[in-house]
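Peer 1: Below is the file my_file.txt, which contains compact mmCIF, C-alpha atoms.
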# COMPACT_ATOMS: atom_id res chain seq x y z
CA MET A 1 0.40 -8.92 13.06
CA ALA A 2 -2.09 -7.19 10.82
CA LYS A 3 -5.48 -8.82 10.53
CA VAL A 4 -7.70 -8.31 7.54
CA PRO A 5 -11.43 -8.96 7.18
CA VAL A 6 -12.23 -11.83 4.86
CA ARG A 7 -15.70 -12.89 3.86
CA PHE A 8 -16.56 -16.05 1.93
CA THR A 9 -19.16 -18.77 1.70
CA LEU A 10 -18.03 -22.08 3.17
CA ASN A 11 -20.15 -25.09 2.25
CA GLY A 12 -23.13 -22.84 1.73
CA SER A 13 -22.84 -20.72 4.83
CA GLU A 14 -21.53 -17.16 5.05
CA LYS A 15 -18.34 -16.69 7.03
CA GLU A 16 -16.81 -13.38 8.10
CA GLU A 17 -13.54 -13.52 9.93
CA PHE A 18 -10.52 -11.43 10.75
CA ILE A 19 -7.61 -13.40 9.35
CA GLU A 20 -3.91 -12.67 9.77
CA SER A 21 -2.65 -11.14 6.56
CA GLY A 22 -0.51 -13.65 4.69
CA ALA A 23 -2.18 -16.66 6.33
CA THR A 24 -3.02 -19.56 4.05
CA LEU A 25 -6.60 -20.63 3.47
CA LEU A 26 -5.67 -23.96 5.06
CA ARG A 27 -4.74 -22.22 8.32
CA ALA A 28 -7.85 -20.04 8.21
CA LEU A 29 -10.17 -23.00 7.64
CA ARG A 30 -8.62 -25.26 10.25
CA ASP A 31 -7.51 -22.88 13.00
CA LYS A 32 -9.93 -19.97 12.71
CA ILE A 33 -13.13 -21.49 11.43
CA GLY A 34 -12.70 -25.01 12.77
CA ASP A 35 -13.19 -26.93 9.51
CA THR A 36 -10.48 -29.54 9.87
CA SER A 37 -11.44 -31.54 6.80
CA PRO A 38 -8.66 -30.12 4.61
CA LYS A 39 -5.44 -31.47 6.09
CA GLY A 40 -1.92 -30.07 6.36
CA GLY A 41 0.37 -32.59 4.68
CA CYS A 42 3.36 -31.37 2.74
CA HIS A 43 2.54 -27.61 2.61
CA GLN A 44 4.27 -27.70 -0.77
CA GLY A 45 1.47 -28.50 -3.18
CA ALA A 46 2.65 -32.07 -3.75
CA CYS A 47 0.36 -34.26 -1.62
CA GLY A 48 -3.12 -32.85 -2.26
CA THR A 49 -4.53 -33.50 1.20
CA CYS A 50 -5.41 -29.83 1.60
CA SER A 51 -7.54 -29.82 -1.57
CA VAL A 52 -10.65 -27.65 -1.62
CA ILE A 53 -12.98 -26.33 -4.32
CA ILE A 54 -12.98 -22.55 -4.77
CA ASP A 55 -15.53 -21.02 -7.15
CA GLY A 56 -15.97 -24.44 -8.74
CA GLU A 57 -12.25 -25.08 -9.28
CA LEU A 58 -10.04 -27.60 -7.52
CA ARG A 59 -7.32 -25.74 -5.61
CA LEU A 60 -4.75 -26.36 -2.88
CA SER A 61 -5.56 -24.47 0.31
CA CYS A 62 -1.97 -24.72 1.61
CA LEU A 63 -0.81 -22.54 -1.29
CA THR A 64 -3.80 -20.17 -1.33
CA LEU A 65 -3.73 -16.99 0.76
CA ALA A 66 -6.99 -16.65 2.70
CA GLU A 67 -7.36 -12.99 1.73
CA THR A 68 -7.46 -13.87 -1.96
CA CYS A 69 -10.72 -15.76 -1.26
CA ASP A 70 -12.76 -12.70 -0.32
CA GLY A 71 -16.17 -13.20 -1.91
CA ALA A 72 -15.46 -16.77 -2.97
CA ASP A 73 -17.56 -19.92 -2.73
CA ILE A 74 -15.52 -22.58 -0.96
CA ARG A 75 -16.37 -26.27 -0.62
CA THR A 76 -14.56 -28.72 1.63
CA ALA A 77 -15.02 -32.43 2.25
CA GLY A 78 -16.43 -31.65 5.70
CA GLY A 79 -19.42 -29.96 4.10
CA LEU A 80 -20.45 -32.68 1.68
CA ALA A 81 -22.87 -34.61 3.87
CA GLU A 82 -26.35 -33.06 3.99
CA SER A 83 -28.38 -33.40 7.20
CA GLY A 84 -26.29 -36.40 8.16
CA VAL A 85 -26.78 -38.13 4.82
CA LEU A 86 -23.48 -39.07 3.25
CA HIS A 87 -22.60 -37.77 -0.20
CA PRO A 88 -22.41 -40.60 -2.77
CA LEU A 89 -18.63 -40.19 -2.87
CA GLN A 90 -18.36 -40.54 0.90
CA ARG A 91 -20.55 -43.64 0.87
CA ALA A 92 -18.60 -45.17 -2.02
CA PHE A 93 -15.27 -44.54 -0.29
CA ALA A 94 -16.53 -46.16 2.90
CA GLU A 95 -18.02 -49.19 1.15
CA ALA A 96 -15.16 -49.76 -1.28
CA PHE A 97 -12.48 -49.69 1.44
CA ALA A 98 -11.03 -46.65 -0.26
CA THR A 99 -10.01 -45.14 3.06
CA GLN A 100 -7.60 -46.69 5.60
CA CYS A 101 -5.80 -44.09 7.69
CA GLY A 102 -8.04 -41.44 6.19
CA PHE A 103 -5.40 -38.75 5.80
CA CYS A 104 -5.66 -38.49 2.02
CA THR A 105 -9.41 -39.02 2.01
CA PRO A 106 -10.78 -35.47 2.19
CA GLY A 107 -8.43 -34.39 -0.59
CA MET A 108 -9.26 -37.42 -2.70
CA ILE A 109 -13.00 -36.90 -2.26
CA ILE A 110 -12.76 -33.22 -3.15
CA ALA A 111 -10.63 -34.00 -6.22
CA ALA A 112 -13.20 -36.62 -7.22
CA LYS A 113 -16.05 -34.18 -6.64
CA ALA A 114 -14.33 -31.62 -8.85
CA LEU A 115 -14.11 -34.30 -11.54
CA LEU A 116 -17.73 -35.45 -11.26
CA ASP A 117 -19.07 -31.89 -11.17
CA GLY A 118 -17.66 -31.36 -14.65
CA ASN A 119 -17.72 -34.91 -16.00
CA PRO A 120 -20.48 -37.08 -14.52
CA ASN A 121 -19.43 -40.15 -16.54
CA PRO A 122 -15.66 -40.33 -16.28
CA THR A 123 -13.55 -43.10 -17.70
CA ARG A 124 -11.03 -44.84 -15.49
CA ALA A 125 -8.30 -42.75 -17.16
CA ASP A 126 -10.24 -39.59 -16.29
CA VAL A 127 -10.36 -40.65 -12.65
CA VAL A 128 -6.63 -41.44 -12.57
CA GLU A 129 -5.89 -38.00 -14.01
CA ALA A 130 -8.28 -36.31 -11.59
CA ILE A 131 -6.60 -37.76 -8.50
CA SER A 132 -3.07 -37.47 -9.89
CA GLY A 133 -2.40 -34.56 -7.51
CA ASN A 134 -3.32 -36.61 -4.43
CA ILE A 135 -0.94 -39.02 -2.74
CA CYS A 136 -2.13 -42.08 -0.79
CA ARG A 137 0.22 -44.17 1.28
CA CYS A 138 -2.22 -46.91 2.29
CA THR A 139 -4.59 -48.17 -0.37
CA GLY A 140 -2.49 -48.48 -3.51
CA TYR A 141 -5.05 -46.19 -5.19
CA GLU A 142 -7.13 -48.95 -6.82
CA PRO A 143 -9.95 -48.91 -4.24
CA ILE A 144 -10.07 -45.12 -4.55
CA ILE A 145 -10.37 -45.29 -8.33
CA GLN A 146 -13.14 -47.88 -8.00
CA ALA A 147 -14.95 -45.81 -5.38
CA VAL A 148 -15.03 -42.79 -7.68
CA LEU A 149 -16.36 -44.88 -10.57
CA ILE A 150 -18.97 -46.45 -8.27
CA ALA A 151 -20.06 -43.02 -7.02
CA ALA A 152 -20.31 -41.76 -10.61
CA ARG A 153 -22.54 -44.69 -11.56
CA ALA A 154 -24.66 -44.29 -8.43
CA THR A 155 -25.15 -40.59 -9.13
CA SER A 156 -26.09 -41.12 -12.76
CA LEU A 157 -28.46 -43.95 -11.84
CA SER A 158 -30.25 -41.78 -9.32
CA ALA A 159 -30.38 -38.90 -11.75
CA ALA A 160 -31.89 -41.10 -14.46
CA MET B 1 8.43 -12.09 10.24
CA PRO B 2 4.72 -11.53 9.64
CA LEU B 3 3.60 -11.77 6.05
CA THR B 4 1.21 -9.40 4.36
CA LEU B 5 -0.53 -9.24 1.00
CA GLN B 6 -1.00 -6.05 -1.01
CA THR B 7 -3.45 -6.18 -3.88
CA PHE B 8 -3.61 -3.59 -6.65
CA SER B 9 -5.96 -3.23 -9.59
CA THR B 10 -3.22 -2.18 -12.01
CA VAL B 11 0.24 -3.42 -12.85
CA LYS B 12 1.46 0.17 -12.58
CA ASP B 13 0.46 0.48 -8.95
CA ALA B 14 1.80 -2.98 -8.13
CA SER B 15 5.14 -2.05 -9.74
CA VAL B 16 5.45 0.95 -7.44
CA ALA B 17 4.80 -1.26 -4.42
CA LEU B 18 7.49 -3.70 -5.57
CA LYS B 19 10.14 -1.02 -5.12
CA ALA B 20 9.86 -1.46 -1.36
CA ALA B 21 12.24 -3.86 0.34
CA GLY B 22 10.97 -7.32 1.22
CA THR B 23 8.30 -7.44 -1.51
CA CYS B 24 7.76 -10.21 -4.02
CA TYR B 25 5.19 -10.53 -6.82
CA LEU B 26 2.51 -13.19 -6.28
CA GLY B 27 1.14 -15.10 -9.25
CA GLY B 28 -0.74 -18.32 -8.55
CA GLY B 29 1.13 -18.93 -5.33
CA THR B 30 2.42 -22.37 -6.26
CA LEU B 31 6.04 -21.25 -5.94
CA LEU B 32 5.91 -18.26 -3.63
CA VAL B 33 3.44 -19.42 -0.96
CA ARG B 34 5.34 -22.69 -0.93
CA ARG B 35 8.52 -20.76 -0.13
CA ALA B 36 6.75 -18.91 2.67
CA ASN B 37 5.41 -22.23 4.03
CA GLU B 38 8.96 -23.56 4.04
CA GLY B 39 10.20 -20.64 6.12
CA ASP B 40 11.70 -18.39 3.43
CA ILE B 41 12.22 -15.07 5.19
CA SER B 42 13.71 -13.24 2.22
CA PHE B 43 10.39 -11.50 1.65
CA SER B 44 7.60 -10.34 3.92
CA THR B 45 5.09 -8.80 1.53
CA PHE B 46 3.25 -10.46 -1.32
CA VAL B 47 2.26 -7.99 -4.05
CA ARG B 48 -0.25 -8.81 -6.75
CA ALA B 49 -2.15 -7.05 -9.52
CA ILE B 50 -5.65 -8.29 -10.30
CA ASP B 51 -6.17 -6.52 -13.64
CA PRO B 52 -8.35 -9.03 -15.56
CA SER B 53 -6.44 -8.37 -18.79
CA LEU B 54 -3.51 -10.22 -17.21
CA SER B 55 -5.45 -13.45 -17.63
CA ALA B 56 -6.45 -12.86 -21.24
CA VAL B 57 -5.37 -15.17 -24.05
CA ASP B 58 -5.50 -13.46 -27.46
CA ILE B 59 -4.85 -15.07 -30.82
CA ALA B 60 -4.49 -12.80 -33.85
CA ASP B 61 -2.57 -12.84 -37.13
CA GLY B 62 -0.89 -16.13 -36.33
CA ARG B 63 0.45 -14.92 -32.98
CA ALA B 64 -0.65 -15.85 -29.49
CA ARG B 65 -0.42 -13.48 -26.55
CA ILE B 66 -0.91 -15.19 -23.20
CA GLY B 67 -1.46 -12.98 -20.18
CA ALA B 68 0.95 -13.65 -17.32
CA SER B 69 -1.91 -14.58 -14.98
CA ALA B 70 -3.44 -17.12 -17.38
CA THR B 71 -3.39 -20.48 -15.63
CA MET B 72 -2.03 -23.74 -17.03
CA ALA B 73 -5.58 -25.13 -16.96
CA ALA B 74 -6.94 -22.21 -18.98
CA ILE B 75 -4.15 -22.62 -21.55
CA ALA B 76 -4.61 -26.41 -21.71
CA ARG B 77 -8.29 -26.09 -22.59
CA HIS B 78 -7.97 -23.11 -24.96
CA PRO B 79 -9.39 -24.17 -28.35
CA ASP B 80 -6.74 -22.25 -30.32
CA LEU B 81 -3.76 -23.54 -28.32
CA VAL B 82 -4.33 -27.27 -28.65
CA PHE B 83 -0.71 -27.80 -29.73
CA LEU B 84 0.47 -26.28 -26.45
CA SER B 85 -1.89 -28.18 -24.18
CA ARG B 86 0.57 -31.04 -23.75
CA ALA B 87 3.10 -28.66 -22.21
CA ALA B 88 0.50 -26.93 -20.03
CA ARG B 89 -0.84 -30.29 -18.81
CA ALA B 90 2.70 -31.36 -17.90
CA VAL B 91 2.78 -28.82 -15.07
CA GLY B 92 1.81 -30.17 -11.65
CA GLY B 93 -1.50 -31.92 -11.04
CA PRO B 94 -5.09 -30.76 -11.63
CA ALA B 95 -5.21 -28.40 -8.64
CA ILE B 96 -1.80 -26.89 -9.36
CA ARG B 97 -2.84 -26.27 -12.96
CA ASN B 98 -5.83 -24.25 -11.76
CA MET B 99 -3.43 -21.99 -9.89
CA ALA B 100 -0.05 -21.98 -11.69
CA THR B 101 0.36 -19.10 -14.14
CA ALA B 102 2.24 -18.63 -17.41
CA GLY B 103 4.15 -15.74 -15.86
CA GLY B 104 5.04 -17.67 -12.74
CA ASN B 105 6.43 -20.59 -14.71
CA LEU B 106 9.03 -18.22 -16.20
CA PHE B 107 10.52 -17.83 -12.73
CA ALA B 108 10.28 -21.47 -11.71
CA PRO B 109 13.69 -22.82 -10.69
CA THR B 110 15.00 -26.09 -12.08
CA PRO B 111 13.58 -28.80 -11.91
CA TYR B 112 10.34 -26.87 -12.40
CA GLY B 113 9.52 -24.63 -15.34
CA ASP B 114 8.34 -27.11 -17.98
CA PHE B 115 6.06 -24.55 -19.60
CA ALA B 116 8.94 -22.09 -19.87
CA VAL B 117 10.86 -24.79 -21.76
CA ALA B 118 8.02 -24.88 -24.30
CA LEU B 119 8.04 -21.07 -24.54
CA LEU B 120 11.78 -21.10 -25.16
CA ALA B 121 11.40 -23.49 -28.09
CA LEU B 122 8.63 -21.23 -29.40
CA ASP B 123 10.99 -18.22 -29.38
CA ALA B 124 8.55 -16.38 -27.13
CA HIS B 125 8.86 -12.74 -26.16
CA VAL B 126 8.26 -11.71 -22.56
CA SER B 127 6.43 -8.44 -21.90
CA ILE B 128 8.02 -7.01 -18.78
CA GLY B 129 8.34 -3.56 -17.24
CA GLY B 130 6.66 -1.88 -20.19
CA GLY B 131 8.99 -3.45 -22.78
CA GLU B 132 9.65 -6.82 -24.39
CA ARG B 133 12.54 -9.23 -23.97
CA PRO B 134 13.30 -12.34 -26.00
CA ILE B 135 12.76 -15.23 -23.60
CA GLU B 136 16.34 -16.44 -23.79
CA ALA B 137 17.62 -13.06 -22.62
CA PHE B 138 14.88 -12.86 -20.00
CA LEU B 139 15.79 -16.25 -18.53
CA SER B 140 19.43 -15.27 -18.14
CA GLU B 141 18.40 -11.98 -16.49
CA ARG B 142 15.55 -13.15 -14.24
CA GLY B 143 16.05 -12.32 -10.60
CA GLY B 144 18.73 -9.80 -11.52
CA ILE B 145 18.15 -6.61 -13.43
CA HIS B 146 14.44 -7.26 -13.73
CA ALA B 147 13.88 -7.66 -10.01
CA GLY B 148 10.81 -5.63 -9.16
CA ALA B 149 9.48 -5.52 -12.73
CA ILE B 150 6.27 -7.38 -13.50
CA VAL B 151 5.81 -9.81 -16.38
CA THR B 152 2.48 -9.05 -18.03
CA ALA B 153 2.40 -11.48 -20.96
CA VAL B 154 4.27 -13.87 -23.21
CA SER B 155 3.78 -13.92 -26.96
CA PHE B 156 4.91 -16.15 -29.80
CA ALA B 157 4.15 -17.06 -33.39
CA ILE B 158 1.87 -20.08 -33.56
CA PRO B 159 3.81 -22.90 -35.21
CA GLY B 160 2.50 -24.89 -38.15
CA ASN B 161 0.60 -28.09 -37.54
CA ASP B 162 2.81 -30.78 -36.06
CA ASP B 163 5.85 -28.47 -35.93
CA PHE B 164 5.78 -28.25 -32.12
CA ARG B 165 6.89 -31.24 -30.04
CA PHE B 166 7.09 -31.61 -26.30
CA LEU B 167 7.90 -34.30 -23.83
CA LYS B 168 8.41 -34.43 -20.10
CA VAL B 169 10.19 -37.27 -18.35
CA SER B 170 9.18 -37.91 -14.76
CA ARG B 171 9.43 -40.93 -12.53
CA VAL B 172 5.89 -40.60 -11.22
CA LYS B 173 3.11 -40.51 -13.82
CA PRO B 174 0.85 -38.84 -14.74
CA LYS B 175 2.04 -36.11 -12.43
CA GLY B 176 5.59 -35.74 -11.16
CA VAL B 177 8.50 -33.36 -11.03
CA SER B 178 10.70 -33.42 -14.14
CA VAL B 179 13.74 -35.55 -14.63
CA LEU B 180 13.94 -33.47 -17.79
CA SER B 181 11.73 -31.91 -20.40
CA ILE B 182 12.36 -31.16 -24.06
CA ALA B 183 10.45 -28.90 -26.43
CA ALA B 184 11.15 -28.51 -30.13
CA VAL B 185 9.81 -26.54 -33.06
CA LEU B 186 10.94 -28.20 -36.30
CA LYS B 187 10.10 -27.11 -39.82
CA GLU B 188 10.51 -29.54 -42.67
CA GLU B 189 10.46 -28.79 -46.38
CA GLY B 190 10.40 -31.67 -48.81
CA GLY B 191 11.39 -34.10 -46.06
CA ILE B 192 14.45 -32.05 -45.03
CA ILE B 193 14.64 -30.14 -41.76
CA SER B 194 14.88 -26.47 -42.63
CA SER B 195 14.81 -24.97 -39.15
CA ALA B 196 15.00 -26.24 -35.60
CA ARG B 197 14.65 -24.76 -32.13
CA ILE B 198 15.18 -27.17 -29.27
CA ALA B 199 14.88 -26.32 -25.57
CA TYR B 200 15.78 -28.40 -22.55
CA GLY B 201 14.59 -28.25 -18.95
CA CYS B 202 16.67 -29.54 -16.01
CA MET B 203 19.85 -29.54 -18.10
CA ALA B 204 21.08 -26.28 -16.53
CA ASP B 205 19.94 -23.83 -13.86
CA ARG B 206 17.31 -22.54 -16.33
CA PRO B 207 15.68 -23.70 -19.57
CA ILE B 208 18.33 -23.61 -22.31
CA ARG B 209 18.55 -23.95 -26.07
CA ALA B 210 20.35 -26.95 -27.55
CA LYS B 211 22.10 -24.92 -30.21
CA ALA B 212 24.62 -27.56 -31.28
CA ALA B 213 21.88 -30.14 -31.77
CA GLU B 214 19.77 -27.58 -33.65
CA ALA B 215 22.60 -26.75 -36.05
CA ALA B 216 23.28 -30.44 -36.66
CA LEU B 217 19.69 -30.97 -37.78
CA ILE B 218 19.58 -28.37 -40.55
CA GLY B 219 19.53 -29.97 -43.99
CA ARG B 220 19.08 -33.46 -42.54
CA GLU B 221 16.26 -35.94 -42.89
CA ARG B 222 14.17 -36.70 -39.83
CA THR B 223 15.29 -40.33 -39.73
CA LYS B 224 17.42 -42.36 -37.36
CA GLU B 225 20.49 -41.79 -39.52
CA GLY B 226 19.59 -38.21 -40.30
CA ILE B 227 19.43 -37.10 -36.69
CA ALA B 228 22.51 -39.04 -35.52
CA PRO B 229 24.83 -35.99 -35.59
CA ALA B 230 22.30 -34.00 -33.59
CA LEU B 231 22.10 -36.73 -30.96
CA ALA B 232 25.90 -36.82 -30.77
CA ALA B 233 25.82 -33.06 -30.06
CA ALA B 234 22.80 -33.22 -27.74
CA LEU B 235 24.71 -32.56 -24.52
CA GLU B 236 26.85 -29.67 -25.74
CA GLY B 237 26.35 -26.63 -23.55
CA THR B 238 24.43 -28.49 -20.87
CA ALA B 239 25.19 -28.56 -17.15
CA ALA B 240 22.56 -30.93 -15.83
CA VAL B 241 21.58 -30.57 -12.20
CA THR B 242 21.64 -33.12 -9.40
CA ASP B 243 18.66 -32.95 -7.06
CA ALA B 244 16.24 -35.21 -5.22
CA ILE B 245 14.65 -36.23 -8.53
CA ALA B 246 17.71 -37.38 -10.46
CA SER B 247 21.47 -37.01 -10.70
CA ALA B 248 23.23 -34.94 -13.33
CA TRP B 249 24.78 -38.19 -14.58
CA TYR B 250 21.38 -39.81 -15.09
CA ARG B 251 19.89 -36.78 -16.80
CA SER B 252 22.84 -36.62 -19.18
CA GLU B 253 22.63 -40.36 -19.88
CA VAL B 254 18.97 -40.35 -20.84
CA LEU B 255 18.69 -36.98 -22.55
CA PRO B 256 19.89 -38.21 -25.99
CA VAL B 257 17.48 -41.16 -25.78
CA HIS B 258 14.51 -38.92 -25.12
CA LEU B 259 15.64 -36.40 -27.72
CA ARG B 260 15.76 -39.19 -30.29
CA ARG B 261 12.24 -40.28 -29.35
CA LEU B 262 10.96 -36.71 -29.53
CA LEU B 263 12.51 -36.02 -32.94
CA LEU B 264 11.41 -39.29 -34.53
CA GLY B 265 8.00 -39.58 -32.89
Show the structure stored in the file as structure tokens.

Peer 2:
Amino acid sequence: MAKVPVRFTLNGSEKEEFIESGATLLRALRDKIGDTSPKGGCHQGACGTCSVIIDGELRLSCLTLAETCDGADIRTAGGLAESGVLHPLQRAFAEAFATQCGFCTPGMIIAAKALLDGNPNPTRADVVEAISGNICRCTGYEPIIQAVLIAARATSLSAA
Amino acid sequence: MPLTLQTFSTVKDASVALKAAGTCYLGGGTLLVRRANEGDISFSTFVRAIDPSLSAVDIADGRARIGASATMAAIARHPDLVFLSRAARAVGGPAIRNMATAGGNLFAPTPYGDFAVALLALDAHVSIGGGERPIEAFLSERGGIHAGAIVTAVSFAIPGNDDFRFLKVSRVKPKGVSVLSIAAVLKEEGGIISSARIAYGCMADRPIRAKAAEAALIGRERTKEGIAPALAAALEGTAAVTDAIASAWYRSEVLPVHLRRLLLG
């Protein structure tokens, strides 16, 4: 199988890998680079657990070919904590019981981050729309919605 | 079979590559990479063109020209396409909309293709293989004689304020696969409908026009009584599909209800 060189920035650090041509970004991140925060759920684009942020945009890594990310800036949930300090979203999810089995959590947090990066003061309706591409089997969504709103408030309070 | 990606800077070069066996054109990946993930071995090579003009959205002289690589998200937030944002936002969820393209939606099989339904009601023209096809003809030909040709843009006349209507019915909200979708462009003069184009999604193997319903609206008032003949003719020419989302029976049962709501709303 042909391998192609792909270079991108993952959570702030430069990565250069030889990736099988035609491999998805999900496979490259998990199997080649070892970032297992994006998860393989449906592989169809329906569940959102593979969500990542590429060049500032929310995308699904299961439907993205790794080679198309040459030169891109990629953010995953695994890279959100800084020097062991949890990102406000991670802390809010933990404290609001917004994570049970945890399988949807990286995707939910990334979708929420994409929302808050563009809209630091979302309404509840904004949050519902922002996570509408992410499926959760455990929580019934309400704790997740609250966690995002809590994180938004915490971030704007600390920025004030 | 190992997959490969070939990237070209021009549509011309990509078109040449598509002549080879086992190639398929890659837009946003929401349909094609999904097929590869699901084990589709009918193609082995993704081909794409990354000419930036493919993502351009141009508005001039009352017409819009949307590049085939323009994403649903880009269309939904375009300040001159506010009327169309409802249809663009109906596609997938937030991540899908950052990836799904106008061109790709033209090839989406039922029950997908909600944006193509809107384009059909708008009487769009599809720029493909160096020429232009009316969208209705394109939809009946897609996958056949145009195999290997690349869609570069869709264009349409921008309708008057409030002339364009769109709804999508799905079981899961706000994001879910269509039970059905309906788009309509209605013109009224002095309270009487003077022209109507209505398109349905999920009521056949491709987006279709509701020509009997359209004809029954001409010269009528947009009231409950006025649209009654159109509702009676709503299902003519349809062959609704049965799939995991809904049965053909259900789609046919609810279509006239939703058409009534769309026309009177």

Peer 1: Can you measure atom CA of B:Ala248 to atom CA of B:Tyr200 for me? One decimal in Å is fine.

Peer 2: 13.5 Å

Peer 1: When distances are computed from all atoms listed in the file, which of A:Ile131, A:Ala159, A:Ile109, A:Cys104 shows the smallest separation from chain B?

Peer 2: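 With all atoms listed in the file as the atom set, the closest residue is A:Ile131.
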
Peer 1: Output the contact residues of chain B with respect to chain A at a cut-off of 12 Å, based on all atoms listed in the file, as an MDAnalysis selection string.

Peer 2: chainID B and resid 1:8 26:39 43:50 71 73:74 89:100 172:177

Peer 1: Using all atoms listed in the file, pick whichever of B:Pro229, B:Pro52, B:Gly190, B:Gly237 has the shortest atom-to-atom distance to B:Ala210.

Peer 2: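 Once distances to B:Ala210 are computed over all atoms listed in the file, the minimum belongs to B:Gly237.
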
Peer 1: For atom CA of B:Ala234 and atom CA of B:Ala212, quote the distance in Å rounded to one decimal.

Peer 2: 6.9 Å

Peer 1: Which polymer residues, protein or nucleic acid, are no farther than 7 Å from (-14.6, -44.5, -4.2), counting only C-alpha atoms, as a PyMOL selection string?

Peer 2: chain A and resi 89+92-93+96+98+143-151

Peer 1: So, counting only C-alpha atoms, which residue among B:Gly160, B:Gly226, B:Gly265, B:Pro79 is closest to B:Gly191?

Peer 2: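 Of B:Gly160, B:Gly226, B:Gly265, B:Pro79, the one nearest B:Gly191, counting only C-alpha atoms, is B:Gly226.
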
Peer 1: Please compute the atom CA of A:Cys138-atom CA of B:Arg171 distance, one decimal, in Å.

Peer 2: 19.8 Å

Peer 1: Near stretch 30-37 of chain A, within 8 Å and counting all atoms listed in the file, which residues show up once chain neighbours fewer than 2 positions away are dropped, as number ranges by chain?

Peer 2: A: 17, 19, 26-28, 39, 76-78, 106

Peer 1: What lies within 9 Å of A:Thr9 using all atoms listed in the file, ignoring chain neighbours under 6 positions off, as a PyMOL selection string?

Peer 2: chain A and resi 15-16+71-75

Peer 1: Of the candidates A:Gly140, A:Gly102, A:Gly40, A:Pro88, which one gets nearest to A:Ala152 if we count all atoms listed in the file?

Peer 2: A:Pro88

Peer 1: Box time for stretch 127-132 of chain A: axis-aligned, enclosing all its listed atoms, 8 Å extra on each side; report centre and edge lengths in Å to one decimal, as JSON.

Peer 2:
{"center_x": -6.7, "center_y": -38.9, "center_z": -11.3, "size_x": 23.3, "size_y": 21.1, "size_z": 21.5}

Peer 1: Name the closest residue to B:Asp162 among the candidates B:Ser140, B:Leu263, B:Gly201, B:His258; distances are taken between atoms, counting all atoms listed in the file.

Peer 2: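 The answer is B:Leu263, which sits nearest to B:Asp162.
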
Peer 1: Could you list, as an mmCIF file with C-alpha atoms, in the frame of the given file, every residue within 9 Å of A:Asp70, counting all atoms listed in the file and ignoring same-chain residues fewer than 6 positions away?

Peer 2:
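Output saved as result31.cif:
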data_model
loop_
_atom_site.group_PDB
_atom_site.id
_atom_site.type_symbol
_atom_site.label_atom_id
_atom_site.label_comp_id
_atom_site.auth_asym_id
_atom_site.auth_seq_id
_atom_site.Cartn_x
_atom_site.Cartn_y
_atom_site.Cartn_z
ATOM 1 C CA PRO A 5 -11.430 -8.960 7.180
ATOM 2 C CA VAL A 6 -12.230 -11.830 4.860
ATOM 3 C CA ARG A 7 -15.700 -12.890 3.860
ATOM 4 C CA PHE A 8 -16.560 -16.050 1.930
#

Peer 1: Find the residues near B:Asp243: any atom within 10 Å, counting all atoms listed in the file, skip ones fewer than 4 places away on the same chain, and give them as a PyMOL selection string.

Peer 2: chain B and resi 110-111+179+202+247-248

Peer 1: Quick one: residues within 9 Å of B:Ala87, only C-alpha atoms, excluding same-chain residues fewer than 4 positions away - as JSON, numbers by chain?

Peer 2: {"B": [72, 76, 83, 91, 114, 115, 117, 118, 166, 167, 168, 183]}
